[in-house]
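For reference, the structure discussed in these notes is given below.
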Amino acid sequence: MSHPLSQQYREILVGLGENPEREGLLDTPKRAAKAMQYLCHGYQQSLEEIVNGALFESDNDEMVIVKDIELYSLCEHHLLPFIGKAHVAYIPTGRVLGLSKVARIVDMYARRLQIQENLTKQIADAIQRVTNAAGVAVVIEAKHMCMMMRGVEKQNSVMSSSVMLGAFRESCNTRHEFLQLIGRTN
């Protein structure tokens with residue numbers, strides 16, 4: 001456990017007017033530091049470690065989609081959570097990525113301080129870089145606690161962001177097929 005981080009959480013408690021010596025808060029600085037380190041463990045991971053060679057030869061050149069990948073991240077502006085799901089698709093060109101690796105890539109970037117727009121692009125760029133796909137599409141839908149718990153306090157708002165690369169950007173039909181398969185068009 002990072003002692004300086006837990007000490008800084010103790011200072012936050014004092015700054016809020018709390019008594020870090022009261023029974024309920026005695027271990028809170030250590031627990032909060034441990035939680036923050038877990039929530040941001042994506043900084044300790046690399047794309048190469050995540051993929052770990054899990055690319056397999058395939059003559060499939062049809063769209064591969066992994067949808068409804070739950071994600072949990074922290075808004076870099078307020079350090080409050082945003083929670084949602086990612087839909088990721090790519091069109092293979094001779095190699096496919098191990099299924100769990102798509103979700104692990106989402107998690108690696110989500111477990112960093114983020115804004116949703118950048119998270120969406122980071123995932124798309126990583127899938128493109130790893131697979132050399134003919135196209136990559138990523139859509140993220142998330143609820144942001146920074147918008148729900150403070151500020152405008154809108155409880156039912158959902159932010160959607162998308163990045164389309166290659167064939168998904170160039171072909172309306174490919175993009176439409178993807179959006180239809182993830183249930184975003186009629």
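Ligands are numbered from 1 in the order shown, residues from 1 within each chain, and chains are lettered A, B, ... in the order they appear in the structure tokens.
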Could you please write out, as an mmCIF file with N, CA, C and O atoms, in the first residue's frame, every residue of stretch 20-153 of chain A that DSSP assigns to strand (DSSP E)?
data_model
loop_
_atom_site.group_PDB
_atom_site.id
_atom_site.type_symbol
_atom_site.label_atom_id
_atom_site.label_comp_id
_atom_site.auth_asym_id
_atom_site.auth_seq_id
_atom_site.Cartn_x
_atom_site.Cartn_y
_atom_site.Cartn_z
ATOM 1 N N LEU A 55 -3.469 -13.810 -30.999
ATOM 2 C CA LEU A 55 -3.953 -13.533 -32.350
ATOM 3 C C LEU A 55 -3.865 -14.837 -33.119
ATOM 4 O O LEU A 55 -2.822 -15.495 -33.106
ATOM 5 N N PHE A 56 -4.961 -15.196 -33.784
ATOM 6 C CA PHE A 56 -5.036 -16.505 -34.412
ATOM 7 C C PHE A 56 -5.379 -16.376 -35.885
ATOM 8 O O PHE A 56 -6.259 -15.589 -36.249
ATOM 9 N N GLU A 57 -4.690 -17.164 -36.703
ATOM 10 C CA GLU A 57 -4.956 -17.139 -38.139
ATOM 11 C C GLU A 57 -6.400 -17.538 -38.408
ATOM 12 O O GLU A 57 -6.945 -18.442 -37.776
ATOM 13 N N VAL A 64 -16.719 -9.080 -36.670
ATOM 14 C CA VAL A 64 -16.694 -9.715 -35.357
ATOM 15 C C VAL A 64 -17.134 -8.656 -34.355
ATOM 16 O O VAL A 64 -16.568 -7.557 -34.339
ATOM 17 N N ILE A 65 -18.131 -8.972 -33.538
ATOM 18 C CA ILE A 65 -18.662 -8.000 -32.574
ATOM 19 C C ILE A 65 -18.659 -8.608 -31.183
ATOM 20 O O ILE A 65 -19.083 -9.749 -30.992
ATOM 21 N N VAL A 66 -18.200 -7.825 -30.228
ATOM 22 C CA VAL A 66 -18.377 -8.144 -28.814
ATOM 23 C C VAL A 66 -19.169 -6.977 -28.256
ATOM 24 O O VAL A 66 -18.697 -5.841 -28.264
ATOM 25 N N LYS A 67 -20.397 -7.251 -27.808
ATOM 26 C CA LYS A 67 -21.231 -6.142 -27.343
ATOM 27 C C LYS A 67 -21.543 -6.289 -25.866
ATOM 28 O O LYS A 67 -21.331 -7.340 -25.270
ATOM 29 N N ASP A 68 -22.008 -5.194 -25.300
ATOM 30 C CA ASP A 68 -22.409 -5.139 -23.890
ATOM 31 C C ASP A 68 -21.274 -5.487 -22.936
ATOM 32 O O ASP A 68 -21.475 -6.159 -21.922
ATOM 33 N N ILE A 69 -20.070 -5.017 -23.224
ATOM 34 C CA ILE A 69 -18.936 -5.199 -22.314
ATOM 35 C C ILE A 69 -19.067 -4.132 -21.228
ATOM 36 O O ILE A 69 -18.925 -2.936 -21.510
ATOM 37 N N GLU A 70 -19.356 -4.563 -20.001
ATOM 38 C CA GLU A 70 -19.528 -3.554 -18.954
ATOM 39 C C GLU A 70 -18.191 -2.884 -18.669
ATOM 40 O O GLU A 70 -17.131 -3.498 -18.767
ATOM 41 N N LEU A 71 -18.275 -1.604 -18.337
ATOM 42 C CA LEU A 71 -17.057 -0.857 -18.023
ATOM 43 C C LEU A 71 -17.311 0.090 -16.865
ATOM 44 O O LEU A 71 -18.425 0.559 -16.649
ATOM 45 N N TYR A 72 -16.249 0.301 -16.117
ATOM 46 C CA TYR A 72 -16.262 1.184 -14.957
ATOM 47 C C TYR A 72 -15.020 2.047 -15.057
ATOM 48 O O TYR A 72 -13.913 1.529 -15.171
ATOM 49 N N SER A 73 -15.210 3.351 -15.032
ATOM 50 C CA SER A 73 -14.074 4.253 -15.147
ATOM 51 C C SER A 73 -14.275 5.428 -14.204
ATOM 52 O O SER A 73 -15.327 5.551 -13.562
ATOM 53 N N LEU A 74 -13.253 6.278 -14.123
ATOM 54 C CA LEU A 74 -13.318 7.479 -13.306
ATOM 55 C C LEU A 74 -13.128 8.700 -14.185
ATOM 56 O O LEU A 74 -12.154 8.774 -14.946
ATOM 57 N N CYS A 75 -14.046 9.630 -14.058
ATOM 58 C CA CYS A 75 -13.963 10.901 -14.780
ATOM 59 C C CYS A 75 -12.701 11.644 -14.321
ATOM 60 O O CYS A 75 -12.498 11.835 -13.119
ATOM 61 N N PRO A 81 -17.144 8.171 -10.683
ATOM 62 C CA PRO A 81 -17.297 7.076 -11.637
ATOM 63 C C PRO A 81 -18.195 7.409 -12.814
ATOM 64 O O PRO A 81 -19.127 8.208 -12.701
ATOM 65 N N PHE A 82 -17.893 6.786 -13.938
ATOM 66 C CA PHE A 82 -18.891 6.624 -14.995
ATOM 67 C C PHE A 82 -18.941 5.146 -15.322
ATOM 68 O O PHE A 82 -17.936 4.445 -15.290
ATOM 69 N N ILE A 83 -20.162 4.688 -15.553
ATOM 70 C CA ILE A 83 -20.445 3.261 -15.648
ATOM 71 C C ILE A 83 -21.261 3.026 -16.898
ATOM 72 O O ILE A 83 -22.229 3.739 -17.155
ATOM 73 N N GLY A 84 -20.879 2.029 -17.667
ATOM 74 C CA GLY A 84 -21.647 1.773 -18.876
ATOM 75 C C GLY A 84 -21.232 0.497 -19.557
ATOM 76 O O GLY A 84 -20.779 -0.454 -18.917
ATOM 77 N N LYS A 85 -21.396 0.514 -20.879
ATOM 78 C CA LYS A 85 -21.047 -0.659 -21.671
ATOM 79 C C LYS A 85 -20.436 -0.217 -22.990
ATOM 80 O O LYS A 85 -20.752 0.852 -23.506
ATOM 81 N N ALA A 86 -19.559 -1.085 -23.480
ATOM 82 C CA ALA A 86 -18.905 -0.845 -24.757
ATOM 83 C C ALA A 86 -19.327 -1.923 -25.738
ATOM 84 O O ALA A 86 -19.553 -3.078 -25.364
ATOM 85 N N HIS A 87 -19.452 -1.525 -27.001
ATOM 86 C CA HIS A 87 -19.712 -2.444 -28.111
ATOM 87 C C HIS A 87 -18.529 -2.276 -29.054
ATOM 88 O O HIS A 87 -18.240 -1.160 -29.496
ATOM 89 N N VAL A 88 -17.834 -3.369 -29.338
ATOM 90 C CA VAL A 88 -16.616 -3.315 -30.136
ATOM 91 C C VAL A 88 -16.747 -4.273 -31.316
ATOM 92 O O VAL A 88 -17.162 -5.428 -31.142
ATOM 93 N N ALA A 89 -16.402 -3.785 -32.497
ATOM 94 C CA ALA A 89 -16.431 -4.631 -33.696
ATOM 95 C C ALA A 89 -15.173 -4.390 -34.508
ATOM 96 O O ALA A 89 -14.584 -3.303 -34.471
ATOM 97 N N TYR A 90 -14.772 -5.428 -35.235
ATOM 98 C CA TYR A 90 -13.677 -5.278 -36.181
ATOM 99 C C TYR A 90 -13.873 -6.253 -37.329
ATOM 100 O O TYR A 90 -14.606 -7.240 -37.204
ATOM 101 N N ILE A 91 -13.256 -5.952 -38.452
ATOM 102 C CA ILE A 91 -13.316 -6.803 -39.640
ATOM 103 C C ILE A 91 -11.915 -7.384 -39.838
ATOM 104 O O ILE A 91 -10.985 -6.654 -40.198
ATOM 105 N N ARG A 95 -6.294 -12.504 -39.310
ATOM 106 C CA ARG A 95 -6.071 -12.891 -37.923
ATOM 107 C C ARG A 95 -7.228 -12.380 -37.070
ATOM 108 O O ARG A 95 -7.732 -11.293 -37.302
ATOM 109 N N VAL A 96 -7.624 -13.203 -36.094
ATOM 110 C CA VAL A 96 -8.652 -12.788 -35.141
ATOM 111 C C VAL A 96 -8.025 -12.711 -33.752
ATOM 112 O O VAL A 96 -7.074 -13.428 -33.432
ATOM 113 N N LEU A 97 -8.589 -11.861 -32.943
ATOM 114 C CA LEU A 97 -8.122 -11.624 -31.585
ATOM 115 C C LEU A 97 -8.886 -12.524 -30.626
ATOM 116 O O LEU A 97 -10.105 -12.683 -30.760
ATOM 117 N N LEU A 113 -7.802 7.296 -15.331
ATOM 118 C CA LEU A 113 -8.600 8.518 -15.291
ATOM 119 C C LEU A 113 -8.902 8.904 -16.729
ATOM 120 O O LEU A 113 -7.993 8.961 -17.559
ATOM 121 N N GLN A 114 -10.177 9.170 -17.033
ATOM 122 C CA GLN A 114 -10.610 9.253 -18.420
ATOM 123 C C GLN A 114 -11.686 10.293 -18.648
ATOM 124 O O GLN A 114 -12.361 10.721 -17.713
ATOM 125 N N GLY A 135 -11.388 -2.599 -40.554
ATOM 126 C CA GLY A 135 -12.175 -1.556 -39.916
ATOM 127 C C GLY A 135 -12.425 -1.909 -38.467
ATOM 128 O O GLY A 135 -12.429 -3.086 -38.090
ATOM 129 N N VAL A 136 -12.611 -0.872 -37.650
ATOM 130 C CA VAL A 136 -12.911 -1.044 -36.229
ATOM 131 C C VAL A 136 -14.012 -0.054 -35.875
ATOM 132 O O VAL A 136 -13.998 1.090 -36.332
ATOM 133 N N ALA A 137 -14.953 -0.517 -35.052
ATOM 134 C CA ALA A 137 -16.014 0.357 -34.558
ATOM 135 C C ALA A 137 -16.144 0.157 -33.055
ATOM 136 O O ALA A 137 -16.106 -0.979 -32.568
ATOM 137 N N VAL A 138 -16.291 1.262 -32.327
ATOM 138 C CA VAL A 138 -16.517 1.205 -30.885
ATOM 139 C C VAL A 138 -17.614 2.205 -30.540
ATOM 140 O O VAL A 138 -17.553 3.364 -30.955
ATOM 141 N N VAL A 139 -18.605 1.739 -29.804
ATOM 142 C CA VAL A 139 -19.647 2.607 -29.254
ATOM 143 C C VAL A 139 -19.657 2.377 -27.752
ATOM 144 O O VAL A 139 -19.647 1.225 -27.296
ATOM 145 N N ILE A 140 -19.655 3.460 -26.992
ATOM 146 C CA ILE A 140 -19.765 3.380 -25.536
ATOM 147 C C ILE A 140 -20.979 4.182 -25.108
ATOM 148 O O ILE A 140 -21.205 5.300 -25.583
ATOM 149 N N GLU A 141 -21.759 3.589 -24.207
ATOM 150 C CA GLU A 141 -22.899 4.260 -23.582
ATOM 151 C C GLU A 141 -22.664 4.216 -22.079
ATOM 152 O O GLU A 141 -22.409 3.138 -21.538
ATOM 153 N N ALA A 142 -22.705 5.383 -21.426
ATOM 154 C CA ALA A 142 -22.388 5.396 -19.998
ATOM 155 C C ALA A 142 -23.168 6.468 -19.252
ATOM 156 O O ALA A 142 -23.541 7.491 -19.818
ATOM 157 N N LYS A 143 -23.376 6.182 -17.970
ATOM 158 C CA LYS A 143 -23.944 7.153 -17.037
ATOM 159 C C LYS A 143 -22.800 7.707 -16.209
ATOM 160 O O LYS A 143 -21.951 6.956 -15.731
ATOM 161 N N HIS A 144 -22.800 9.018 -16.041
ATOM 162 C CA HIS A 144 -21.707 9.714 -15.372
ATOM 163 C C HIS A 144 -22.168 10.267 -14.035
ATOM 164 O O HIS A 144 -23.078 11.092 -13.984
#
Practice problem: Name the residues of stretch 12-131 of chain A that come out as helix (DSSP H, G or I) in a backbone DSSP run; write them as number ranges by chain. | Solution: A: 12-15, 23-25, 28-39, 41-44, 47-51, 99-110, 116-131
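You will find atom CA of A:Ile127 at 11.4 Å from atom CA of A:Gly98.
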